[in-house]
>>> print(open('run.cif').read())   # mmCIF, C-alpha atoms
data_entry
loop_
_atom_site.label_atom_id
_atom_site.label_comp_id
_atom_site.auth_asym_id
_atom_site.auth_seq_id
_atom_site.Cartn_x
_atom_site.Cartn_y
_atom_site.Cartn_z
CA MET A 1 -9.64 0.10 16.07
CA PHE A 2 -12.95 -1.19 14.73
CA SER A 3 -14.06 2.40 14.11
CA LEU A 4 -10.91 2.99 12.03
CA ALA A 5 -11.43 -0.36 10.29
CA THR A 6 -14.65 1.04 8.82
CA PHE A 7 -12.66 3.72 7.03
CA THR A 8 -9.71 1.52 6.07
CA GLY A 9 -12.29 -0.92 4.75
CA LEU A 10 -13.65 1.75 2.42
CA ASN A 11 -10.23 1.94 0.76
CA HIS A 12 -10.39 -1.74 -0.16
CA ILE A 13 -14.09 -2.10 -0.85
CA SER A 14 -13.85 0.85 -3.23
CA ARG A 15 -10.99 -0.98 -5.00
CA VAL A 16 -13.23 -4.05 -5.39
CA ILE A 17 -16.09 -1.93 -6.76
CA MET A 18 -13.85 -0.10 -9.24
CA THR A 19 -12.13 -3.25 -10.49
CA LEU A 20 -15.42 -5.15 -10.72
CA LEU A 21 -16.93 -2.50 -12.97
CA LEU A 22 -13.83 -2.17 -15.13
CA ALA A 23 -13.51 -5.95 -15.50
CA LYS A 24 -17.05 -6.02 -16.90
CA PHE A 25 -16.64 -2.93 -19.09
CA MET A 26 -13.16 -3.57 -20.55
CA GLY A 27 -12.98 -7.34 -21.18
CA ALA A 28 -10.33 -9.79 -19.97
CA GLU A 29 -7.30 -8.69 -22.02
CA HIS A 30 -7.81 -4.92 -21.70
CA PHE A 31 -8.57 -5.30 -17.99
CA GLY A 32 -5.32 -7.24 -17.55
CA THR A 33 -3.42 -4.38 -19.19
CA PHE A 34 -5.17 -1.85 -16.95
CA ALA A 35 -4.36 -3.93 -13.83
CA ALA A 36 -0.65 -3.99 -14.75
CA LEU A 37 -0.72 -0.24 -15.43
CA LEU A 38 -2.38 0.39 -12.06
CA ALA A 39 0.19 -1.81 -10.31
CA LEU A 40 3.03 0.14 -11.95
CA CYS A 41 1.40 3.39 -10.86
CA GLU A 42 1.16 2.23 -7.23
CA VAL A 43 4.80 1.12 -7.21
CA LEU A 44 5.85 4.61 -8.36
CA LEU A 45 3.70 6.58 -5.87
CA LEU A 46 5.94 6.43 -2.80
CA PRO A 47 9.25 7.17 -4.62
CA ALA A 48 7.48 9.99 -6.49
CA SER A 49 6.68 11.62 -3.14
CA MET A 50 10.38 11.27 -2.17
CA GLY A 51 9.26 9.17 0.79
CA PHE A 52 7.08 11.82 2.44
CA ALA A 53 3.94 9.68 2.06
CA SER A 54 5.61 7.22 4.43
CA SER A 55 7.45 9.62 6.77
CA LEU A 56 4.79 12.24 7.51
CA MET A 57 3.37 10.31 10.46
CA ARG A 58 6.81 10.30 12.06
CA LEU A 59 7.57 13.94 11.12
CA ALA A 60 4.24 15.76 11.50
CA HIS A 61 2.63 14.02 14.48
CA PRO A 62 5.15 15.28 17.11
CA LEU A 63 4.97 18.80 15.62
CA TYR A 64 1.18 18.79 15.86
CA LYS A 65 1.21 17.50 19.44
CA ASN A 66 3.65 20.28 20.40
CA HIS A 67 1.61 22.95 18.54
CA GLN A 68 4.50 23.84 16.21
CA HIS A 69 2.26 25.14 13.45
CA ALA A 70 4.99 27.21 11.75
CA LEU A 71 6.98 24.04 11.11
CA LEU A 72 3.83 22.25 9.96
CA GLN A 73 3.21 25.01 7.42
CA GLY A 74 6.79 24.63 6.17
CA LEU A 75 6.54 20.84 6.07
CA LYS A 76 3.39 21.08 3.96
CA ARG A 77 5.18 23.21 1.37
CA VAL A 78 8.21 20.93 1.29
CA TYR A 79 6.28 17.72 0.62
CA LEU A 80 4.16 19.41 -2.05
CA GLY A 81 7.26 20.69 -3.83
CA ALA A 82 8.93 17.26 -3.60
CA ALA A 83 5.90 15.43 -5.00
CA VAL A 84 5.57 17.76 -7.98
CA SER A 85 9.23 18.22 -8.99
CA PHE A 86 10.80 14.90 -7.99
CA GLY A 87 7.67 13.01 -9.03
CA LEU A 88 7.72 14.27 -12.62
CA ILE A 89 11.46 13.62 -13.09
CA PHE A 90 11.36 10.18 -11.49
CA VAL A 91 8.30 8.97 -13.41
CA ALA A 92 9.67 10.21 -16.74
CA MET A 93 12.90 8.25 -16.21
CA VAL A 94 11.07 5.07 -15.18
CA LEU A 95 8.64 5.20 -18.08
CA ILE A 96 11.43 5.54 -20.63
CA GLY A 97 13.08 2.43 -19.21
CA TYR A 98 9.83 0.47 -18.95
CA ARG A 99 8.82 1.30 -22.49
CA LEU A 100 12.13 -0.13 -23.73
CA ALA A 101 12.10 -3.21 -21.48
CA SER A 102 8.54 -4.56 -21.53
CA PRO A 103 7.65 -6.98 -24.35
CA GLN A 104 3.91 -6.79 -23.63
CA ALA A 105 1.31 -4.33 -24.89
CA LEU A 106 1.64 -2.18 -21.78
CA ALA A 107 4.81 -0.68 -23.22
CA ASN A 108 2.68 1.02 -25.87
CA GLU A 109 -0.54 1.67 -23.93
CA HIS A 110 -0.84 5.32 -22.88
CA LEU A 111 2.03 5.36 -20.38
CA GLU A 112 2.26 9.11 -20.81
CA TYR A 113 -0.79 9.50 -18.55
CA LEU A 114 1.33 8.32 -15.62
CA LEU A 115 3.17 11.65 -15.82
CA LEU A 116 -0.05 13.17 -14.48
CA ILE A 117 -1.48 10.27 -12.47
CA VAL A 118 1.62 9.50 -10.39
CA PRO A 119 2.57 13.05 -9.20
CA LEU A 120 -1.09 13.81 -8.44
CA GLY A 121 -1.39 10.48 -6.66
CA ALA A 122 1.78 11.21 -4.66
CA ILE A 123 0.29 14.53 -3.52
CA MET A 124 -2.96 12.73 -2.61
CA GLN A 125 -1.07 10.14 -0.53
CA CYS A 126 1.00 12.83 1.21
CA GLN A 127 -2.05 14.91 2.03
CA ALA A 128 -3.85 11.84 3.41
CA SER A 129 -0.83 10.95 5.58
CA PHE A 130 -0.66 14.56 6.78
CA LEU A 131 -4.34 14.49 7.79
CA ILE A 132 -3.78 11.24 9.70
CA ALA A 133 -0.71 12.71 11.43
CA VAL A 134 -2.65 15.78 12.65
CA ASP A 135 -5.32 13.54 14.20
CA ALA A 136 -7.85 13.83 11.36
CA LYS A 137 -7.62 10.06 10.87
CA ARG A 138 -11.05 9.46 9.37
CA ARG A 139 -10.72 12.26 6.84
CA GLY A 140 -7.22 11.08 5.97
CA LEU A 141 -8.34 7.49 5.46
CA LEU A 142 -11.36 8.52 3.40
CA THR A 143 -9.25 10.59 1.00
CA GLN A 144 -6.29 8.19 0.92
CA GLN A 145 -7.74 5.93 -1.73
CA SER A 146 -11.45 5.19 -1.52
CA LEU A 147 -12.79 8.59 -2.60
CA PHE A 148 -10.85 8.71 -5.85
CA GLU A 149 -11.71 5.07 -6.66
CA ILE A 150 -15.42 5.67 -6.12
CA LEU A 151 -15.26 8.79 -8.30
CA THR A 152 -13.39 6.81 -10.98
CA ALA A 153 -15.94 4.00 -10.88
CA ILE A 154 -18.86 6.43 -11.23
CA THR A 155 -17.14 8.34 -14.07
CA CYS A 156 -16.25 5.14 -15.96
CA ALA A 157 -19.77 3.73 -15.57
CA PHE A 158 -21.25 6.97 -16.92
CA LEU A 159 -18.84 7.02 -19.89
CA TYR A 160 -19.45 3.33 -20.65
CA PHE A 161 -23.22 3.74 -20.81
CA LYS A 162 -22.85 6.93 -22.82
CA LEU A 163 -20.21 5.69 -25.32
CA GLY A 164 -21.00 1.97 -25.33
CA GLN A 165 -17.35 1.01 -24.79
CA LEU A 166 -14.45 1.83 -22.49
CA HIS A 167 -10.87 2.10 -23.73
CA LEU A 168 -7.78 2.34 -21.55
CA GLU A 169 -7.19 5.97 -22.56
CA ILE A 170 -10.64 6.96 -21.29
CA VAL A 171 -10.01 5.17 -17.98
CA CYS A 172 -6.68 7.02 -17.59
CA GLN A 173 -8.42 10.35 -18.18
CA ALA A 174 -11.04 9.43 -15.57
CA LEU A 175 -8.25 8.65 -13.07
CA VAL A 176 -6.62 12.06 -13.64
CA VAL A 177 -9.91 13.91 -13.10
CA SER A 178 -10.83 11.88 -10.00
CA ILE A 179 -7.45 12.29 -8.29
CA SER A 180 -7.47 16.04 -9.03
CA CYS A 181 -10.87 16.38 -7.33
CA VAL A 182 -9.63 14.53 -4.24
CA VAL A 183 -6.45 16.64 -3.99
CA VAL A 184 -8.49 19.85 -4.06
CA SER A 185 -10.81 18.50 -1.33
CA GLN A 186 -7.77 17.62 0.82
CA PHE A 187 -6.48 21.19 0.61
CA VAL A 188 -9.89 22.35 1.85
CA LEU A 189 -9.78 19.86 4.76
CA ILE A 190 -6.22 20.74 5.84
CA PHE A 191 -6.60 24.52 5.75
CA PRO A 192 -8.64 24.96 8.99
CA LEU A 193 -6.47 22.48 10.93
CA LEU A 194 -3.33 24.65 10.85
CA LYS A 195 -2.98 28.03 12.50
CA LYS A 196 -1.69 30.83 10.32
CA HIS A 197 2.04 31.21 10.87
CA LYS A 198 4.99 32.22 8.78
CA PRO A 199 6.41 28.89 7.57
CA ALA A 200 9.52 27.58 9.30
CA TYR A 201 11.68 24.93 7.70
CA GLN A 202 13.88 21.99 8.65
CA THR A 203 14.18 20.88 5.05
CA ARG A 204 17.43 18.95 5.34
CA HIS A 205 16.20 16.93 8.32
CA TRP A 206 12.80 16.27 6.73
CA CYS A 207 14.26 15.17 3.41
CA SER A 208 16.92 12.92 4.95
CA SER A 209 14.33 11.27 7.22
CA SER A 210 11.98 10.76 4.30
CA LEU A 211 14.67 9.28 2.09
CA ARG A 212 15.61 6.80 4.82
CA LEU A 213 12.01 5.65 5.10
CA LEU A 214 11.72 5.69 1.31
CA ALA A 215 14.47 3.08 1.11
CA SER A 216 12.30 0.58 2.99
CA GLY A 217 8.86 1.87 2.03
CA ALA A 218 9.55 1.86 -1.70
CA GLY A 219 10.65 -1.74 -1.42
CA VAL A 220 7.40 -2.64 0.33
CA ALA A 221 5.39 -0.97 -2.43
CA LEU A 222 7.45 -2.68 -5.12
CA VAL A 223 7.14 -6.15 -3.60
CA ALA A 224 3.39 -5.63 -3.05
CA LYS A 225 2.88 -5.10 -6.79
CA LEU A 226 5.85 -6.93 -8.27
CA ASP A 227 3.84 -10.14 -8.62
CA VAL A 228 1.30 -8.46 -10.93
CA LEU A 229 4.05 -6.85 -13.01
CA LEU A 230 5.99 -10.11 -13.37
CA VAL A 231 2.86 -12.07 -14.30
CA HIS A 232 2.17 -9.49 -17.00
CA HIS A 233 5.80 -9.54 -18.14
CA TRP A 234 6.13 -13.35 -18.27
CA LEU A 235 2.61 -14.56 -19.06
CA GLY A 236 0.76 -11.58 -20.58
CA PRO A 237 -2.45 -9.64 -19.80
CA LYS A 238 -4.80 -12.65 -19.94
CA ALA A 239 -2.93 -14.26 -17.04
CA VAL A 240 -3.22 -10.98 -15.12
CA SER A 241 -7.00 -11.05 -15.64
CA VAL A 242 -7.04 -14.43 -13.83
CA PHE A 243 -4.57 -13.40 -11.11
CA TYR A 244 -5.57 -9.82 -10.32
CA PRO A 245 -9.08 -10.55 -8.91
CA ALA A 246 -7.48 -12.94 -6.40
CA VAL A 247 -4.97 -10.22 -5.46
CA VAL A 248 -7.73 -7.65 -4.92
CA ILE A 249 -9.81 -10.01 -2.77
CA ALA A 250 -6.81 -11.13 -0.69
CA GLY A 251 -5.96 -7.43 -0.36
CA LEU A 252 -9.12 -7.02 1.72
CA MET A 253 -7.04 -8.45 4.57
CA ALA A 254 -5.33 -5.05 4.69
CA ILE A 255 -8.57 -3.58 6.10
CA LEU A 256 -7.60 -5.05 9.46
CA SER A 257 -3.84 -4.63 9.16
CA ASN A 258 -4.12 -0.93 8.28
CA ALA A 259 -6.53 -0.27 11.15
CA PHE A 260 -4.38 -2.14 13.68
CA GLY A 261 -1.30 -0.37 12.29
CA LEU A 262 -2.88 3.02 12.96
CA VAL A 263 -3.50 2.04 16.59
CA LEU A 264 -0.09 0.37 17.01
CA LYS A 265 2.10 3.19 15.64
CA PRO A 266 1.26 5.80 18.33
CA MET A 267 2.01 3.13 20.95
CA LEU A 268 5.47 2.58 19.44
CA LEU A 269 6.13 6.34 19.22
CA LYS A 270 5.83 6.77 23.00
CA ALA A 271 9.01 7.59 24.92
CA ARG A 272 8.61 4.26 26.74
CA VAL A 273 6.73 1.53 24.92
CA ASP A 274 4.08 -0.19 27.08
CA ALA A 275 4.78 -3.85 26.27
CA ILE A 276 1.59 -5.11 27.95
CA GLU A 277 -0.55 -2.68 25.97
CA VAL A 278 1.11 -3.79 22.71
CA SER A 279 0.65 -7.44 23.70
CA HIS A 280 -3.08 -6.97 24.28
CA LEU A 281 -3.47 -5.27 20.91
CA MET A 282 -1.52 -8.01 19.13
CA ARG A 283 -3.69 -10.73 20.73
CA LEU A 284 -6.75 -9.07 19.21
CA PHE A 285 -4.91 -8.62 15.88
CA TRP A 286 -3.94 -12.30 15.58
CA GLY A 287 -7.48 -13.47 16.36
CA CYS A 288 -9.25 -11.04 14.03
CA ASN A 289 -6.78 -11.72 11.22
CA PHE A 290 -7.42 -15.49 11.37
CA VAL A 291 -11.21 -15.07 11.45
CA PHE A 292 -11.20 -12.62 8.53
CA ALA A 293 -8.97 -14.90 6.43
CA ALA A 294 -11.34 -17.80 7.10
CA LEU A 295 -14.36 -15.72 6.07
CA LEU A 296 -12.72 -14.66 2.80
CA ALA A 297 -11.74 -18.27 2.07
CA ALA A 298 -15.34 -19.36 2.62
CA ALA A 299 -16.61 -16.61 0.30
CA ALA A 300 -13.94 -17.17 -2.36
CA TYR A 301 -16.13 -18.68 -5.08
CA PRO A 302 -18.93 -16.06 -5.05
CA LEU A 303 -16.42 -13.19 -4.84
CA LEU A 304 -14.45 -14.46 -7.85
CA ALA A 305 -17.68 -15.11 -9.78
CA LEU A 306 -18.48 -11.38 -9.50
CA TYR A 307 -15.42 -10.70 -11.67
CA ASN A 308 -16.57 -13.13 -14.37
CA GLU A 309 -13.32 -14.95 -13.60
CA PRO A 310 -12.31 -16.68 -16.89
CA GLN A 311 -10.72 -19.62 -15.00
CA LEU A 312 -12.71 -19.92 -11.78
CA GLU A 313 -10.95 -22.98 -10.35
CA SER A 314 -7.49 -21.53 -11.00
CA GLY A 315 -8.51 -18.21 -9.47
CA HIS A 316 -9.90 -20.01 -6.40
CA THR A 317 -6.66 -21.94 -5.87
CA LEU A 318 -4.59 -18.75 -6.23
CA LEU A 319 -6.78 -16.92 -3.73
CA LEU A 320 -6.49 -19.67 -1.10
CA ILE A 321 -2.69 -19.65 -1.44
CA LEU A 322 -2.60 -15.87 -0.99
CA LEU A 323 -4.87 -16.06 2.08
CA LEU A 324 -2.64 -18.73 3.61
CA ALA A 325 0.33 -16.35 3.45
CA GLN A 326 -1.78 -13.54 4.96
CA LEU A 327 -1.99 -15.48 8.25
CA VAL A 328 1.42 -14.03 9.21
CA THR A 329 0.32 -10.43 8.53
CA PRO A 330 0.26 -9.44 12.25
CA LEU A 331 3.89 -10.57 12.56
CA ARG A 332 4.90 -8.53 9.53
CA VAL A 333 2.99 -5.37 10.55
CA CYS A 334 4.28 -5.34 14.12
CA ALA A 335 7.89 -6.09 13.19
CA SER A 336 8.01 -3.65 10.28
CA SER A 337 6.44 -0.84 12.35
CA ALA A 338 8.85 -1.43 15.22
CA ILE A 339 11.83 -1.26 12.86
CA ASN A 340 10.58 1.95 11.21
CA LEU A 341 9.47 3.80 14.35
CA VAL A 342 11.69 2.45 17.15
CA GLY A 343 14.76 1.19 15.33
CA GLU A 344 16.64 1.73 12.09
CA PRO A 345 14.38 1.94 9.00
CA LEU A 346 17.20 0.82 6.71
CA TYR A 347 16.94 -2.67 8.23
CA ASN A 348 13.66 -3.00 6.35
CA LEU A 349 15.53 -2.24 3.14
CA TRP A 350 18.13 -4.97 3.68
CA VAL A 351 15.42 -7.49 4.48
CA LEU A 352 13.48 -6.49 1.37
CA LEU A 353 16.51 -6.74 -0.88
CA PHE A 354 17.29 -10.23 0.36
CA ALA A 355 13.68 -11.52 0.42
CA THR A 356 12.87 -9.99 -2.97
CA THR A 357 15.97 -11.47 -4.59
CA VAL A 358 15.07 -14.93 -3.28
CA THR A 359 11.43 -14.45 -4.32
CA VAL A 360 12.15 -13.33 -7.89
CA LEU A 361 14.68 -16.13 -8.48
CA LEU A 362 12.23 -18.67 -7.09
CA ALA A 363 9.36 -17.19 -9.16
CA TRP A 364 11.49 -17.32 -12.33
CA TYR A 365 12.31 -20.99 -11.70
CA LEU A 366 8.77 -22.03 -10.73
CA GLN A 367 7.00 -20.20 -13.57
CA ASN A 368 8.95 -22.28 -16.06
CA HIS A 369 7.69 -25.48 -14.44
CA TYR A 370 4.30 -24.58 -12.92
CA GLY A 371 3.23 -21.35 -14.62
CA LEU A 372 1.05 -18.86 -12.73
CA ILE A 373 0.59 -20.98 -9.60
CA GLY A 374 4.37 -21.26 -9.25
CA ILE A 375 4.73 -17.47 -9.23
CA VAL A 376 2.08 -17.19 -6.52
CA TRP A 377 3.77 -19.78 -4.30
CA ALA A 378 7.08 -17.94 -4.73
CA PHE A 379 5.65 -14.60 -3.63
CA CYS A 380 3.83 -16.14 -0.67
CA PHE A 381 7.11 -17.73 0.43
CA GLY A 382 8.85 -14.35 0.09
CA PHE A 383 6.11 -12.64 2.15
CA VAL A 384 6.52 -15.14 5.02
CA LEU A 385 10.33 -15.07 4.78
CA GLY A 386 10.40 -11.26 5.08
CA ALA A 387 8.05 -11.30 8.08
CA VAL A 388 10.14 -13.91 9.93
CA ILE A 389 13.44 -12.10 9.31
CA ARG A 390 11.97 -8.78 10.49
CA ALA A 391 10.63 -10.41 13.66
CA TRP A 392 14.07 -11.90 14.34
CA LEU A 393 15.67 -8.45 13.91
CA VAL A 394 13.14 -6.83 16.26
CA PHE A 395 13.89 -9.44 18.92
CA LYS A 396 17.66 -9.40 18.32
CA ARG A 397 17.92 -5.60 18.50
CA GLY A 398 15.63 -5.41 21.55
CA TYR A 399 12.93 -3.21 20.01
CA LEU A 400 10.16 -5.52 21.29
CA ASN A 401 10.16 -8.92 22.93
CA LEU A 402 8.60 -12.00 21.35
CA SER A 403 5.92 -12.19 24.03
CA CYS A 404 4.66 -8.82 22.79
CA ILE A 405 4.62 -9.77 19.13
CA PHE A 406 3.00 -13.17 19.64
CA SER A 407 0.62 -11.86 22.33
CA LEU A 408 1.58 -14.31 25.05
CA SER A 409 0.23 -13.91 28.55
CA SER A 410 0.71 -10.69 30.54
CA GLN A 411 2.78 -12.68 33.08
CA SER A 412 5.23 -13.68 30.29
CA VAL A 413 5.52 -10.06 29.15
CA LYS A 414 6.17 -8.84 32.69
CA ALA A 415 8.74 -11.55 33.24
CA GLN A 416 10.64 -10.58 30.07
CA LEU A 417 10.44 -6.88 31.03
#
>>> encode(input="run.cif", output="structure tokens")
Amino acid sequence: MFSLATFTGLNHISRVIMTLLLAKFMGAEHFGTFAALLALCEVLLLPASMGFASSLMRLAHPLYKNHQHALLQGLKRVYLGAAVSFGLIFVAMVLIGYRLASPQALANEHLEYLLLIVPLGAIMQCQASFLIAVDAKRRGLLTQQSLFEILTAITCAFLYFKLGQLHLEIVCQALVVSISCVVVSQFVLIFPLLKKHKPAYQTRHWCSSSLRLLASGAGVALVAKLDVLLVHHWLGPKAVSVFYPAVVIAGLMAILSNAFGLVLKPMLLKARVDAIEVSHLMRLFWGCNFVFAALLAAAAYPLLALYNEPQLESGHTLLLILLLAQLVTPLRVCASSAINLVGEPLYNLWVLLFATTVTVLLAWYLQNHYGLIGIVWAFCFGFVLGAVIRAWLVFKRGYLNLSCIFSLSSQSVKAQL
């Protein structure tokens, strides 16, 4: 797990490096616009892949273990075709609606580049998931996010020092070039892993499975970035420049959650789940999560200062609130994974619809009275509410017992078994 955490950590440290440089190069207002554009892009990635970025672990891993390389060759062609065709159509429709609906400058700021960035990004995410599913975890994690962000940071730094300024259009062009380079490298990495076979297809099954996971996964992606989009929509890009650094730093908590998730998922995919093994892993997860949150809270001021945070005290308060909500991350990761891999993925969708509705209504009410801090409290409440409801569903449907999730003693787990 700690070995994988090194690579999942690269995905988040590279995000910090890229956003640090762009915050310095672009200025507060332009950086706020870029942050909202990036959040919109990340929301669109999973739907643009038609759900394959989320489902490939479930679809490809059993095929690889059973040496069904003909089906793997067919699966690779299906997800590539879905990302290109469905991605372009979906993004075009969303951008037309967003351009009409948003009152802020983002509605007129080079949205057309998302027609390239999002389909390419969807392919990149699918290829990374495919690499992870065929047991090339480190290569998959490295190319999932961090490589393109490092390339983007280097390209933008070079262009800034050469041109003396950095506009949003130049940053979008750098993103397109960087993602294209990563996608090509992924093709090179995947090629030797699959034996040459005439492709076989189970297209209907693959697409239906992916669409079911898309229903819950797209909601997760939307909720993860909805706070940034709503802050931009209600309060403008300057508020995003205060809020987004706190989001990026709190997002470092995902270093642990992603690594533990990669270890947990194969355990849940076994024909018979070993409850004691899961309980031991969750005990380690809860402890590491608390320690990491405490370390980030202690380092909050210096980390925010790196961003030239325009309102340091406000940013510090926002970050502490976000870290407080992250304390329930192990509960959310375990429950959500169990629902997706052991149970019915659509349960995640119903939970998301309910929790998101409550969150947005609460955020709308609180932002009128408390501004930015009210929005943050609303989304933290929604995060905890979703985690608790999922855990209740997992227990109620019998996917896992509570002793497993909360890492109680082995005797308690055996007794419940």
>>> closest_residue(input="run.cif", among="A:Arg204, A:Lys195, A:His233, A:His12", to="Leu147 in chain A", atoms="only C-alpha atoms")
A:His12
>>> resolve_selection(input="run.cif", expression="the PyMOL selection byres ((chain A and resi 242-252) around 7)", output="CSV table (one decimal) with C-alpha atoms, in the coordinates of the input")
chain,number,residue,atom,x,y,z
A,12,HIS,CA,-10.4,-1.7,-0.2
A,16,VAL,CA,-13.2,-4.0,-5.4
A,35,ALA,CA,-4.4,-3.9,-13.8
A,238,LYS,CA,-4.8,-12.6,-19.9
A,239,ALA,CA,-2.9,-14.3,-17.0
A,240,VAL,CA,-3.2,-11.0,-15.1
A,241,SER,CA,-7.0,-11.0,-15.6
A,253,MET,CA,-7.0,-8.4,4.6
A,254,ALA,CA,-5.3,-5.0,4.7
A,255,ILE,CA,-8.6,-3.6,6.1
A,304,LEU,CA,-14.4,-14.5,-7.8
A,307,TYR,CA,-15.4,-10.7,-11.7
A,309,GLU,CA,-13.3,-15.0,-13.6
A,310,PRO,CA,-12.3,-16.7,-16.9
A,311,GLN,CA,-10.7,-19.6,-15.0
A,315,GLY,CA,-8.5,-18.2,-9.5
A,318,LEU,CA,-4.6,-18.8,-6.2
A,319,LEU,CA,-6.8,-16.9,-3.7
A,322,LEU,CA,-2.6,-15.9,-1.0
A,323,LEU,CA,-4.9,-16.1,2.1
>>> closest_residue(input="run.cif", among="A:Pro47, A:Pro345, A:Gly386, A:Pro62", to="Val94 in chain A", atoms="only C-alpha atoms")
A:Pro47
>>> resolve_selection(input="run.cif", expression="the PyMOL selection byres ((chain A and resi 6) around 12)", output="list in words")
Met1, Phe2, Ser3, Leu4, Ala5, Phe7, Thr8, Gly9, Leu10, Asn11, His12, Ile13, Lys137, Arg138, Leu141, Leu142, Ser146, Ala254, Ile255, Leu256, Asn258, Ala259 and Phe260 of chain A
>>> resolve_selection(input="run.cif", expression="the PyMOL selection byres ((chain A and resi 145) around 12)", output="PDB file with C-alpha atoms, keeping the file's coordinate frame")
ATOM      1  CA  PHE A   7     -12.660   3.720   7.030  1.00  0.00           C
ATOM      2  CA  THR A   8      -9.710   1.520   6.070  1.00  0.00           C
ATOM      3  CA  GLY A   9     -12.290  -0.920   4.750  1.00  0.00           C
ATOM      4  CA  LEU A  10     -13.650   1.750   2.420  1.00  0.00           C
ATOM      5  CA  ASN A  11     -10.230   1.940   0.760  1.00  0.00           C
ATOM      6  CA  HIS A  12     -10.390  -1.740  -0.160  1.00  0.00           C
ATOM      7  CA  ILE A  13     -14.090  -2.100  -0.850  1.00  0.00           C
ATOM      8  CA  SER A  14     -13.850   0.850  -3.230  1.00  0.00           C
ATOM      9  CA  ARG A  15     -10.990  -0.980  -5.000  1.00  0.00           C
ATOM     10  CA  VAL A  16     -13.230  -4.050  -5.390  1.00  0.00           C
ATOM     11  CA  MET A  18     -13.850  -0.100  -9.240  1.00  0.00           C
ATOM     12  CA  GLU A  42       1.160   2.230  -7.230  1.00  0.00           C
ATOM     13  CA  GLY A 121      -1.390  10.480  -6.660  1.00  0.00           C
ATOM     14  CA  ALA A 122       1.780  11.210  -4.660  1.00  0.00           C
ATOM     15  CA  ILE A 123       0.290  14.530  -3.520  1.00  0.00           C
ATOM     16  CA  MET A 124      -2.960  12.730  -2.610  1.00  0.00           C
ATOM     17  CA  GLN A 125      -1.070  10.140  -0.530  1.00  0.00           C
ATOM     18  CA  CYS A 126       1.000  12.830   1.210  1.00  0.00           C
ATOM     19  CA  GLN A 127      -2.050  14.910   2.030  1.00  0.00           C
ATOM     20  CA  ALA A 128      -3.850  11.840   3.410  1.00  0.00           C
ATOM     21  CA  SER A 129      -0.830  10.950   5.580  1.00  0.00           C
ATOM     22  CA  ARG A 139     -10.720  12.260   6.840  1.00  0.00           C
ATOM     23  CA  GLY A 140      -7.220  11.080   5.970  1.00  0.00           C
ATOM     24  CA  LEU A 141      -8.340   7.490   5.460  1.00  0.00           C
ATOM     25  CA  LEU A 142     -11.360   8.520   3.400  1.00  0.00           C
ATOM     26  CA  THR A 143      -9.250  10.590   1.000  1.00  0.00           C
ATOM     27  CA  GLN A 144      -6.290   8.190   0.920  1.00  0.00           C
ATOM     28  CA  SER A 146     -11.450   5.190  -1.520  1.00  0.00           C
ATOM     29  CA  LEU A 147     -12.790   8.590  -2.600  1.00  0.00           C
ATOM     30  CA  PHE A 148     -10.850   8.710  -5.850  1.00  0.00           C
ATOM     31  CA  GLU A 149     -11.710   5.070  -6.660  1.00  0.00           C
ATOM     32  CA  ILE A 150     -15.420   5.670  -6.120  1.00  0.00           C
ATOM     33  CA  LEU A 151     -15.260   8.790  -8.300  1.00  0.00           C
ATOM     34  CA  THR A 152     -13.390   6.810 -10.980  1.00  0.00           C
ATOM     35  CA  LEU A 175      -8.250   8.650 -13.070  1.00  0.00           C
ATOM     36  CA  SER A 178     -10.830  11.880 -10.000  1.00  0.00           C
ATOM     37  CA  ILE A 179      -7.450  12.290  -8.290  1.00  0.00           C
ATOM     38  CA  VAL A 182      -9.630  14.530  -4.240  1.00  0.00           C
ATOM     39  CA  VAL A 183      -6.450  16.640  -3.990  1.00  0.00           C
ATOM     40  CA  GLN A 186      -7.770  17.620   0.820  1.00  0.00           C
TER      41      GLN A 186
END
>>> atom_distance(input="run.cif", atom1="CA of Ala83 in chain A", atom2="CA of Met267 in chain A")
29.0 Å
>>> axis_aligned_box(input="run.cif", around="range 37-55 of chain A", padding_each_side="8 Å", output="lines of an AutoDock Vina configuration file")
center_x = 4.0
center_y = 5.0
center_z = -4.3
size_x = 28.8
size_y = 29.6
size_z = 38.2
>>> closest_residue(input="run.cif", among="A:Ala363, A:Ile405, A:Val342, A:Cys380", to="Leu320 in chain A", atoms="only C-alpha atoms")
A:Cys380
>>> atom_distance(input="run.cif", atom1="CA of Phe34 in chain A", atom2="CA of Ser85 in chain A")
26.0 Å
>>> closest_residue(input="run.cif", among="A:Val176, A:Leu235, A:Val134, A:Ile17", to="Leu194 in chain A", atoms="all atoms listed in the file")
A:Val134
>>> residues_near_point(input="run.cif", point="(16.6, -4.0, 8.7)", cutoff="9 Å", atoms="all atoms listed in the file", output="list in words")
Ser216, Ser336, Ile339, Asn340, Gly343, Glu344, Pro345, Leu346, Tyr347, Asn348, Leu349, Trp350, Val351, Leu352, Ile389, Arg390, Leu393 and Val394 of chain A
>>> write_last_selection(input="run.cif", atoms="C-alpha atoms", output="tab-separated table (two decimals), keeping the file's coordinate frame")
chain	number	residue	atom	x	y	z
A	216	SER	CA	12.30	0.58	2.99
A	336	SER	CA	8.01	-3.65	10.28
A	339	ILE	CA	11.83	-1.26	12.86
A	340	ASN	CA	10.58	1.95	11.21
A	343	GLY	CA	14.76	1.19	15.33
A	344	GLU	CA	16.64	1.73	12.09
A	345	PRO	CA	14.38	1.94	9.00
A	346	LEU	CA	17.20	0.82	6.71
A	347	TYR	CA	16.94	-2.67	8.23
A	348	ASN	CA	13.66	-3.00	6.35
A	349	LEU	CA	15.53	-2.24	3.14
A	350	TRP	CA	18.13	-4.97	3.68
A	351	VAL	CA	15.42	-7.49	4.48
A	352	LEU	CA	13.48	-6.49	1.37
A	389	ILE	CA	13.44	-12.10	9.31
A	390	ARG	CA	11.97	-8.78	10.49
A	393	LEU	CA	15.67	-8.45	13.91
A	394	VAL	CA	13.14	-6.83	16.26
